[in-house]
>>> print(open('structure_2.cif').read())   # mmCIF, C-alpha atoms and all ligand atoms
data_protein
#
loop_
_atom_site.label_atom_id
_atom_site.label_comp_id
_atom_site.auth_asym_id
_atom_site.auth_seq_id
_atom_site.Cartn_x
_atom_site.Cartn_y
_atom_site.Cartn_z
CA MET H 1 -9.08 -144.61 -142.62
CA SER H 2 -6.38 -142.11 -143.29
CA SER H 3 -7.12 -140.19 -140.05
CA ARG H 4 -7.16 -143.35 -138.01
CA ALA H 5 -3.83 -144.22 -139.68
CA THR H 6 -2.51 -140.91 -138.34
CA TYR H 7 -3.94 -141.74 -134.92
CA ASN H 8 -2.23 -145.03 -134.95
CA VAL H 9 1.18 -143.66 -135.68
CA PRO H 10 3.52 -145.23 -133.09
CA TYR H 11 3.92 -143.06 -129.99
CA ASP H 12 6.98 -140.72 -130.16
CA SER H 13 8.35 -140.50 -126.60
CA SER H 14 10.96 -137.80 -127.43
CA GLU H 15 8.18 -135.50 -128.63
CA ARG H 16 6.35 -136.07 -125.31
CA ASP H 17 9.51 -135.19 -123.32
CA ARG H 18 10.06 -132.11 -125.41
CA ARG H 19 6.50 -130.91 -124.74
CA LYS H 20 6.76 -131.71 -121.05
CA LYS H 21 10.02 -129.80 -120.74
CA ALA H 22 8.55 -126.84 -122.64
CA PHE H 23 5.58 -126.88 -120.28
CA ILE H 24 7.85 -126.93 -117.24
CA ARG H 25 9.99 -124.09 -118.66
CA LYS H 26 6.88 -122.03 -119.30
CA ARG H 27 5.62 -122.66 -115.76
CA LYS H 28 9.00 -121.69 -114.28
CA ARG H 29 9.05 -118.48 -116.35
CA LYS H 30 5.55 -117.62 -115.15
CA ARG H 31 6.57 -118.19 -111.53
CA LEU H 32 9.66 -116.04 -112.01
CA ILE H 33 7.56 -113.22 -113.49
CA VAL H 34 5.13 -113.43 -110.55
CA ILE H 35 8.00 -113.42 -108.03
CA LEU H 36 9.73 -110.49 -109.77
CA SER H 37 6.44 -108.54 -109.93
CA MET H 38 5.82 -109.10 -106.22
CA PHE H 39 9.36 -108.04 -105.45
CA ALA H 40 8.93 -104.86 -107.56
CA VAL H 41 5.68 -104.02 -105.78
CA ALA H 42 7.29 -104.63 -102.37
CA LEU H 43 10.27 -102.45 -103.31
CA GLY H 44 7.93 -99.71 -104.52
CA LEU H 45 5.98 -99.82 -101.27
CA LEU H 46 9.19 -99.70 -99.25
CA ILE H 47 10.43 -96.64 -101.19
CA LEU H 48 7.04 -94.96 -100.73
CA ILE H 49 7.11 -95.64 -96.97
CA ILE H 50 10.66 -94.25 -96.71
CA CYS H 51 9.71 -91.11 -98.66
CA LEU H 52 6.61 -90.53 -96.54
CA THR H 53 8.58 -91.03 -93.32
CA VAL H 54 11.36 -88.66 -94.40
CA GLY H 55 8.77 -86.10 -95.53
CA LEU H 56 6.91 -86.38 -92.25
CA ILE H 57 10.10 -86.02 -90.21
CA LYS H 58 11.14 -83.02 -92.30
CA LYS H 59 7.73 -81.45 -91.85
CA LEU H 60 7.83 -82.05 -88.12
CA ILE H 61 11.28 -80.46 -87.92
CA ASN H 62 10.18 -77.49 -90.02
CA ASP H 63 6.94 -77.09 -88.15
CA HIS H 64 8.11 -77.42 -84.62
CA ASN H 65 11.84 -77.08 -84.40
CA GLU H 66 12.21 -73.38 -84.91
CA LYS H 67 11.23 -70.94 -82.25
CA VAL H 68 11.12 -67.32 -83.33
CA THR H 69 10.43 -63.98 -81.77
CA TYR H 70 8.33 -61.15 -83.03
CA VAL H 71 7.25 -57.79 -81.70
CA ASP H 72 3.59 -56.94 -81.61
CA TYR H 73 2.32 -53.42 -82.08
CA THR H 74 2.72 -52.51 -78.43
CA GLY H 75 6.44 -53.26 -78.72
CA GLU H 76 6.17 -56.43 -76.64
CA TYR H 77 8.42 -59.32 -77.67
CA LYS H 78 6.71 -62.67 -78.09
CA GLU H 79 8.09 -66.11 -78.80
CA ILE H 80 6.33 -68.41 -81.22
CA TRP H 81 6.94 -71.56 -83.25
CA LEU H 82 7.51 -70.95 -86.92
CA VAL H 83 5.40 -72.92 -89.38
CA ASP H 84 6.26 -71.80 -92.87
CA ASN H 85 9.96 -71.11 -92.95
CA SER H 86 10.19 -70.88 -96.71
CA HIS H 87 11.12 -67.22 -96.34
CA ALA H 88 12.71 -67.54 -92.97
CA ARG H 89 16.13 -66.38 -92.08
CA GLN H 90 18.53 -69.19 -91.42
CA GLY H 91 19.96 -68.67 -88.02
CA ASP H 92 19.79 -69.14 -84.32
CA GLU H 93 16.81 -70.17 -82.37
CA GLY H 94 15.01 -67.03 -81.41
CA ALA H 95 15.82 -65.30 -84.69
CA PHE H 96 13.59 -62.41 -85.49
CA TYR H 97 10.65 -62.36 -87.86
CA VAL H 98 7.89 -60.02 -88.80
CA ILE H 99 4.62 -61.84 -89.03
CA GLU H 100 2.52 -61.79 -92.14
CA GLU H 101 -0.20 -64.09 -90.95
CA LYS H 102 -0.89 -65.45 -87.51
CA VAL H 103 -2.77 -68.66 -86.78
CA GLU H 104 -3.75 -69.53 -83.24
CA ASP H 105 -5.21 -72.67 -81.75
CA GLU H 106 -5.60 -73.66 -78.10
CA ASN H 107 -2.01 -74.88 -77.74
CA THR H 108 0.21 -72.93 -80.07
CA GLU H 109 0.60 -69.69 -81.91
CA THR H 110 2.11 -70.04 -85.37
CA VAL H 111 3.10 -67.56 -88.03
CA LYS H 112 4.01 -67.08 -91.63
CA VAL H 113 6.87 -64.67 -92.02
CA ASN H 114 7.25 -61.56 -94.12
CA PRO H 115 9.50 -62.31 -97.12
CA LYS H 116 11.33 -59.03 -96.53
CA ALA H 117 12.76 -60.48 -93.29
CA GLN H 118 15.55 -62.07 -95.32
CA LYS H 119 16.67 -58.71 -96.70
CA TYR H 120 17.30 -57.17 -93.30
CA LYS H 121 18.52 -60.31 -91.55
CA ASP H 122 21.74 -58.69 -90.37
CA ILE H 123 20.02 -55.95 -88.42
CA ILE H 124 19.73 -56.75 -84.73
CA PRO H 125 16.06 -56.66 -83.69
CA GLY H 126 15.14 -53.57 -81.72
CA SER H 127 18.70 -52.27 -81.78
CA LYS H 128 17.82 -48.84 -83.19
CA GLY H 129 15.32 -47.78 -80.55
CA LEU H 130 11.64 -46.92 -80.40
CA VAL H 131 9.64 -45.05 -83.05
CA ILE H 132 6.16 -43.79 -82.24
CA VAL H 133 3.72 -44.11 -85.13
CA ASP H 134 0.64 -41.95 -84.87
CA ALA H 135 -2.16 -42.78 -87.33
CA GLY H 136 -4.09 -39.52 -87.80
CA HIS H 137 -7.86 -39.24 -87.12
CA GLY H 138 -9.94 -42.41 -86.42
CA GLY H 139 -13.35 -43.42 -85.11
CA TYR H 140 -15.94 -40.71 -85.84
CA ASP H 141 -13.16 -38.41 -87.09
CA GLY H 142 -12.64 -39.56 -90.68
CA GLY H 143 -10.29 -36.75 -91.72
CA ALA H 144 -10.19 -35.77 -95.39
CA GLU H 145 -12.45 -37.58 -97.83
CA ALA H 146 -12.23 -37.39 -101.62
CA ASN H 147 -12.01 -39.58 -104.71
CA GLY H 148 -13.46 -42.56 -102.87
CA VAL H 149 -10.84 -42.65 -100.12
CA LEU H 150 -11.18 -41.77 -96.45
CA GLU H 151 -8.13 -40.37 -94.71
CA LYS H 152 -8.43 -42.26 -91.40
CA ASP H 153 -8.42 -45.60 -93.27
CA LEU H 154 -5.37 -44.75 -95.38
CA ASN H 155 -3.59 -43.46 -92.28
CA LEU H 156 -4.14 -46.75 -90.46
CA GLU H 157 -3.15 -48.91 -93.45
CA ILE H 158 0.05 -46.95 -93.94
CA SER H 159 0.79 -46.94 -90.19
CA TYR H 160 0.52 -50.75 -90.05
CA LYS H 161 2.91 -51.06 -92.99
CA LEU H 162 5.23 -48.52 -91.40
CA LYS H 163 5.22 -50.53 -88.18
CA ASP H 164 6.25 -53.70 -90.04
CA GLU H 165 8.97 -51.90 -92.00
CA LEU H 166 10.36 -50.27 -88.84
CA ILE H 167 10.48 -53.60 -86.98
CA LEU H 168 12.22 -55.29 -89.93
CA ARG H 169 14.80 -52.55 -89.91
CA GLY H 170 15.71 -52.71 -86.26
CA TYR H 171 13.26 -50.41 -84.50
CA THR H 172 10.58 -51.14 -81.98
CA VAL H 173 7.24 -49.47 -82.51
CA TYR H 174 4.50 -47.93 -80.43
CA LEU H 175 1.18 -47.12 -82.11
CA THR H 176 -0.86 -44.35 -80.49
CA ARG H 177 -3.94 -45.48 -82.46
CA PRO H 178 -3.72 -49.24 -83.12
CA ASN H 179 -7.20 -49.51 -84.64
CA ASP H 180 -10.17 -47.52 -85.92
CA GLU H 181 -10.92 -45.59 -82.75
CA PHE H 182 -10.94 -41.95 -81.83
CA VAL H 183 -7.91 -40.78 -79.82
CA GLY H 184 -7.76 -37.10 -78.86
CA LEU H 185 -4.75 -34.98 -79.83
CA ASN H 186 -3.69 -34.30 -76.24
CA ALA H 187 -4.04 -38.00 -75.43
CA ARG H 188 -1.77 -38.83 -78.36
CA ALA H 189 0.84 -36.35 -77.13
CA SER H 190 0.80 -37.72 -73.59
CA LEU H 191 0.85 -41.36 -74.80
CA ALA H 192 3.94 -40.45 -76.85
CA ASN H 193 5.60 -38.57 -73.99
CA SER H 194 5.11 -41.53 -71.65
CA GLN H 195 7.27 -43.78 -73.88
CA ASP H 196 10.84 -44.43 -72.84
CA ASP H 197 13.36 -42.38 -74.85
CA PRO H 198 11.88 -42.67 -78.37
CA VAL H 199 13.93 -41.84 -81.48
CA CYS H 200 11.06 -39.87 -83.00
CA LEU H 201 7.34 -39.68 -83.70
CA ILE H 202 5.81 -39.90 -87.17
CA SER H 203 2.17 -38.85 -87.46
CA ILE H 204 0.63 -40.20 -90.67
CA HIS H 205 -1.85 -37.97 -92.51
CA GLN H 206 -3.22 -37.29 -95.99
CA ASN H 207 -3.56 -33.81 -97.38
CA SER H 208 -6.53 -32.15 -99.04
CA LEU H 209 -7.52 -28.88 -100.64
CA ASP H 210 -10.88 -27.11 -100.91
CA GLU H 211 -12.06 -26.80 -104.51
CA SER H 212 -11.70 -23.02 -104.23
CA GLU H 213 -8.00 -23.45 -103.45
CA GLY H 214 -7.19 -24.96 -106.82
CA SER H 215 -5.24 -28.21 -107.06
CA ALA H 216 -2.08 -29.64 -105.57
CA SER H 217 -0.22 -32.90 -105.22
CA GLY H 218 2.90 -34.10 -103.47
CA LEU H 219 4.11 -34.76 -99.95
CA GLU H 220 5.07 -32.48 -97.11
CA ALA H 221 6.05 -32.53 -93.44
CA TRP H 222 4.61 -30.29 -90.74
CA THR H 223 6.35 -29.70 -87.46
CA TYR H 224 7.17 -27.36 -84.62
CA LYS H 225 10.42 -25.45 -84.26
CA ARG H 226 12.32 -27.40 -81.66
CA GLU H 227 15.37 -29.61 -81.65
CA GLY H 228 15.52 -32.24 -84.37
CA CYS H 229 12.04 -31.66 -85.78
CA VAL H 230 12.88 -29.80 -89.00
CA GLU H 231 15.84 -32.11 -89.63
CA LEU H 232 13.56 -35.14 -89.24
CA GLY H 233 10.96 -33.57 -91.56
CA ASP H 234 13.56 -32.80 -94.22
CA ALA H 235 15.12 -36.28 -94.05
CA VAL H 236 11.76 -38.09 -94.29
CA ALA H 237 10.29 -35.84 -97.01
CA GLU H 238 13.40 -36.18 -99.14
CA ALA H 239 13.63 -39.97 -98.75
CA VAL H 240 9.93 -40.57 -99.49
CA SER H 241 10.07 -38.28 -102.52
CA LYS H 242 13.08 -40.23 -103.77
CA LYS H 243 11.26 -43.57 -103.32
CA THR H 244 7.86 -42.59 -104.70
CA GLY H 245 8.72 -39.87 -107.20
CA ALA H 246 6.12 -37.62 -105.53
CA LYS H 247 6.82 -33.89 -105.42
CA ASN H 248 8.62 -32.84 -102.23
CA ARG H 249 6.79 -29.79 -100.89
CA GLY H 250 9.25 -29.53 -98.02
CA THR H 251 9.02 -29.12 -94.25
CA ARG H 252 6.81 -26.40 -92.81
CA THR H 253 6.43 -25.28 -89.21
CA ARG H 254 3.37 -24.27 -87.24
CA THR H 255 2.89 -23.53 -83.56
CA ASN H 256 -0.64 -24.89 -83.14
CA LEU H 257 -0.20 -28.56 -84.04
CA VAL H 258 -0.65 -30.48 -80.78
CA VAL H 259 1.12 -33.70 -81.78
CA THR H 260 4.29 -31.85 -82.76
CA SER H 261 4.24 -28.96 -80.25
CA LYS H 262 3.22 -30.86 -77.10
CA THR H 263 5.54 -33.81 -77.56
CA THR H 264 9.13 -33.95 -76.36
CA MET H 265 10.84 -36.17 -78.98
CA PRO H 266 11.58 -35.12 -82.59
CA ALA H 267 8.12 -35.30 -84.19
CA ILE H 268 6.54 -34.61 -87.56
CA ILE H 269 3.15 -34.78 -89.17
CA PHE H 270 3.79 -36.42 -92.51
CA GLU H 271 1.28 -35.67 -95.25
CA CYS H 272 1.75 -38.55 -97.70
CA GLY H 273 -0.11 -36.84 -100.56
CA TYR H 274 -3.36 -35.14 -101.60
CA VAL H 275 -6.52 -37.24 -101.62
CA THR H 276 -8.20 -34.37 -103.50
CA ASP H 277 -5.92 -35.06 -106.48
CA ALA H 278 -7.59 -38.01 -108.28
CA GLU H 279 -4.35 -39.45 -109.60
CA GLU H 280 -2.55 -39.17 -106.25
CA ALA H 281 -5.57 -40.53 -104.33
CA ALA H 282 -5.47 -43.69 -106.46
CA LYS H 283 -1.76 -44.09 -105.73
CA LEU H 284 -2.21 -43.49 -101.99
CA ALA H 285 -4.80 -46.29 -101.84
CA ASP H 286 -2.49 -48.69 -103.67
CA ASP H 287 -0.66 -51.30 -101.55
CA ASP H 288 2.57 -51.14 -103.56
CA TYR H 289 2.67 -47.35 -103.39
CA GLN H 290 2.05 -47.48 -99.64
CA GLU H 291 5.03 -49.85 -99.36
CA LEU H 292 7.20 -47.28 -101.17
CA ILE H 293 5.99 -44.56 -98.79
CA VAL H 294 6.90 -46.55 -95.68
CA GLU H 295 10.25 -47.66 -97.09
CA GLY H 296 10.99 -43.97 -97.75
CA ILE H 297 9.89 -42.93 -94.26
CA VAL H 298 12.23 -45.50 -92.67
CA ASP H 299 15.06 -44.46 -95.02
CA GLY H 300 14.46 -40.92 -93.74
CA ILE H 301 14.42 -42.00 -90.07
CA ASP H 302 17.62 -44.02 -90.65
CA ALA H 303 19.28 -40.96 -92.21
CA PHE H 304 18.04 -38.72 -89.38
CA ALA H 305 19.23 -41.19 -86.73
CA GLY H 306 22.61 -41.66 -88.39
CA TYR H 307 22.24 -45.17 -89.85
CA ASP H 308 23.55 -45.58 -93.35
CA ARG H 309 21.35 -47.68 -95.54
ZN ZN W 401 -5.21 -35.45 -91.37
#
>>> encode(input="structure_2.cif", output="structure tokens", more="lines below")
Ligand SMILES: [Zn+2]
Amino acid sequence: MSSRATYNVPYDSSERDRRKKAFIRKRKRKRLIVILSMFAVALGLLILIICLTVGLIKKLINDHNEKVTYVDYTGEYKEIWLVDNSHARQGDEGAFYVIEEKVEDENTETVKVNPKAQKYKDIIPGSKGLVIVDAGHGGYDGGAEANGVLEKDLNLEISYKLKDELILRGYTVYLTRPNDEFVGLNARASLANSQDDPVCLISIHQNSLDESEGSASGLEAWTYKREGCVELGDAVAEAVSKKTGAKNRGTRTRTNLVVTSKTTMPAIIFECGYVTDAEEAAKLADDDYQELIVEGIVDGIDAFAGYDR
């Protein structure tokens, strides 16, 4: 009976109102939370869309808005669109870059630039004249071979790096041997002599000694006694020795070296080091050491040609 008594308690209308109001408040709060959540999601989406659009526009500008020029190994200027300008020089359209990597598809040619381009951004491209780079040996003529390195390969690697360094520093470049092929000595001389008013010719070689001759290391220049040649040899040998720390064995002259005696511009054969010396051979094959060699060679050419750097 007691429970029924509870059941039969007279109905309290204020309690019913209170519950109803509480229910309505709760429902309103729920609606508000739903609306706010939807608004937050919409705002998030809007921000995401804006970011994506800005990013896309930026990428399009970076990818396609900058036209640059580079010089290929034959000295020909070419215009291309720059893709990765993270290292690019800020400047005018048509600014100059040395390519590090080239990507081609059917419509466009795109490049990544050499980070060093920034360092020499004030030098006017091609303003210092033409340098002929002659990579010694090639094809079936391997040159010296010792301590796991083959001269013709080192000569080509160093010549490519020298080409890039020269272009960065305001020269144009002609390569007498642009790949692993045999080019005769007389052909090299006449290819060089057919170029228009070159500053000089640098023939890249590596030295070697027969076992019976003992051991040696260090760099040297070989040339022919005519105007500018010994001066060029001295300037380059000194600058490379300063960069690399290698012993400077000086400039020597000989009459029977075709590339220096049959050419008409200042010309040297530059022996970067001895492949028969195990320690020096390892250095000569090292990318960073090769960079030091070519920086030194261009320092020497700059000094010879009267550019202070
Ligand atoms: Zn050689």
>>> residues_near_ligand(input="structure_2.cif", ligand="ligand ZN 401 (chain W)", cutoff="6 Å", atoms="only C-alpha atoms and all ligand atoms", output="mmCIF file with C-alpha atoms, keeping the file's coordinate frame")
data_model
loop_
_atom_site.group_PDB
_atom_site.id
_atom_site.type_symbol
_atom_site.label_atom_id
_atom_site.label_comp_id
_atom_site.auth_asym_id
_atom_site.auth_seq_id
_atom_site.Cartn_x
_atom_site.Cartn_y
_atom_site.Cartn_z
ATOM 1 C CA GLY H 136 -4.090 -39.520 -87.800
ATOM 2 C CA GLY H 143 -10.290 -36.750 -91.720
ATOM 3 C CA HIS H 205 -1.850 -37.970 -92.510
ATOM 4 C CA GLN H 206 -3.220 -37.290 -95.990
#
>>> closest_residue(input="structure_2.cif", among="H:Leu284, H:Ala187, H:Ile167, H:Ile47", to="Leu154 in chain H", atoms="all atoms listed in the file")
H:Leu284
>>> residues_near_point(input="structure_2.cif", point="(8.1, -31.4, -98.8)", cutoff="8 Å", atoms="only C-alpha atoms", output="PyMOL selection string")
chain H and resi 218-221+234+237-238+247-252
>>> atom_distance(input="structure_2.cif", atom1="CA of Val149 in chain H", atom2="CA of Asp288 in chain H")
16.2 Å
>>> atom_distance(input="structure_2.cif", atom1="CA of Glu181 in chain H", atom2="CA of Val230 in chain H")
29.2 Å
>>> atom_distance(input="structure_2.cif", atom1="CA of Glu211 in chain H", atom2="CA of Leu150 in chain H")
17.0 Å
>>> residues_around(input="structure_2.cif", residues="Tyr224 in chain H", least_positions_apart="2", cutoff="7 Å", atoms="all atoms listed in the file", output="MDAnalysis selection string")
chainID H and resid 226 229 253:255 260:261
>>> write_last_selection(input="structure_2.cif", atoms="C-alpha atoms", output="short mmCIF file (atom, residue, chain, number, x, y, z; two decimals), keeping the file's coordinate frame")
data_model
loop_
_atom_site.label_atom_id
_atom_site.label_comp_id
_atom_site.auth_asym_id
_atom_site.auth_seq_id
_atom_site.Cartn_x
_atom_site.Cartn_y
_atom_site.Cartn_z
CA ARG H 226 12.32 -27.40 -81.66
CA CYS H 229 12.04 -31.66 -85.78
CA THR H 253 6.43 -25.28 -89.21
CA ARG H 254 3.37 -24.27 -87.24
CA THR H 255 2.89 -23.53 -83.56
CA THR H 260 4.29 -31.85 -82.76
CA SER H 261 4.24 -28.96 -80.25
#
>>> closest_residue(input="structure_2.cif", among="H:Leu191, H:Leu32, H:Ala216, H:Val54", to="Ile132 in chain H", atoms="all atoms listed in the file")
H:Leu191
>>> residues_near_point(input="structure_2.cif", point="(15.2, -44.1, -81.5)", cutoff="12 Å", atoms="all atoms listed in the file", output="MDAnalysis selection string")
chainID H and resid 126:132 166:167 169:174 195:202 232 265:267 298 301:307
>>> residues_around(input="structure_2.cif", residues="Asp277 in chain H", least_positions_apart="5", cutoff="10 Å", atoms="all atoms listed in the file", output="VMD selection string")
chain H and resid 146 to 147 207 to 209 215 to 218 282 to 283
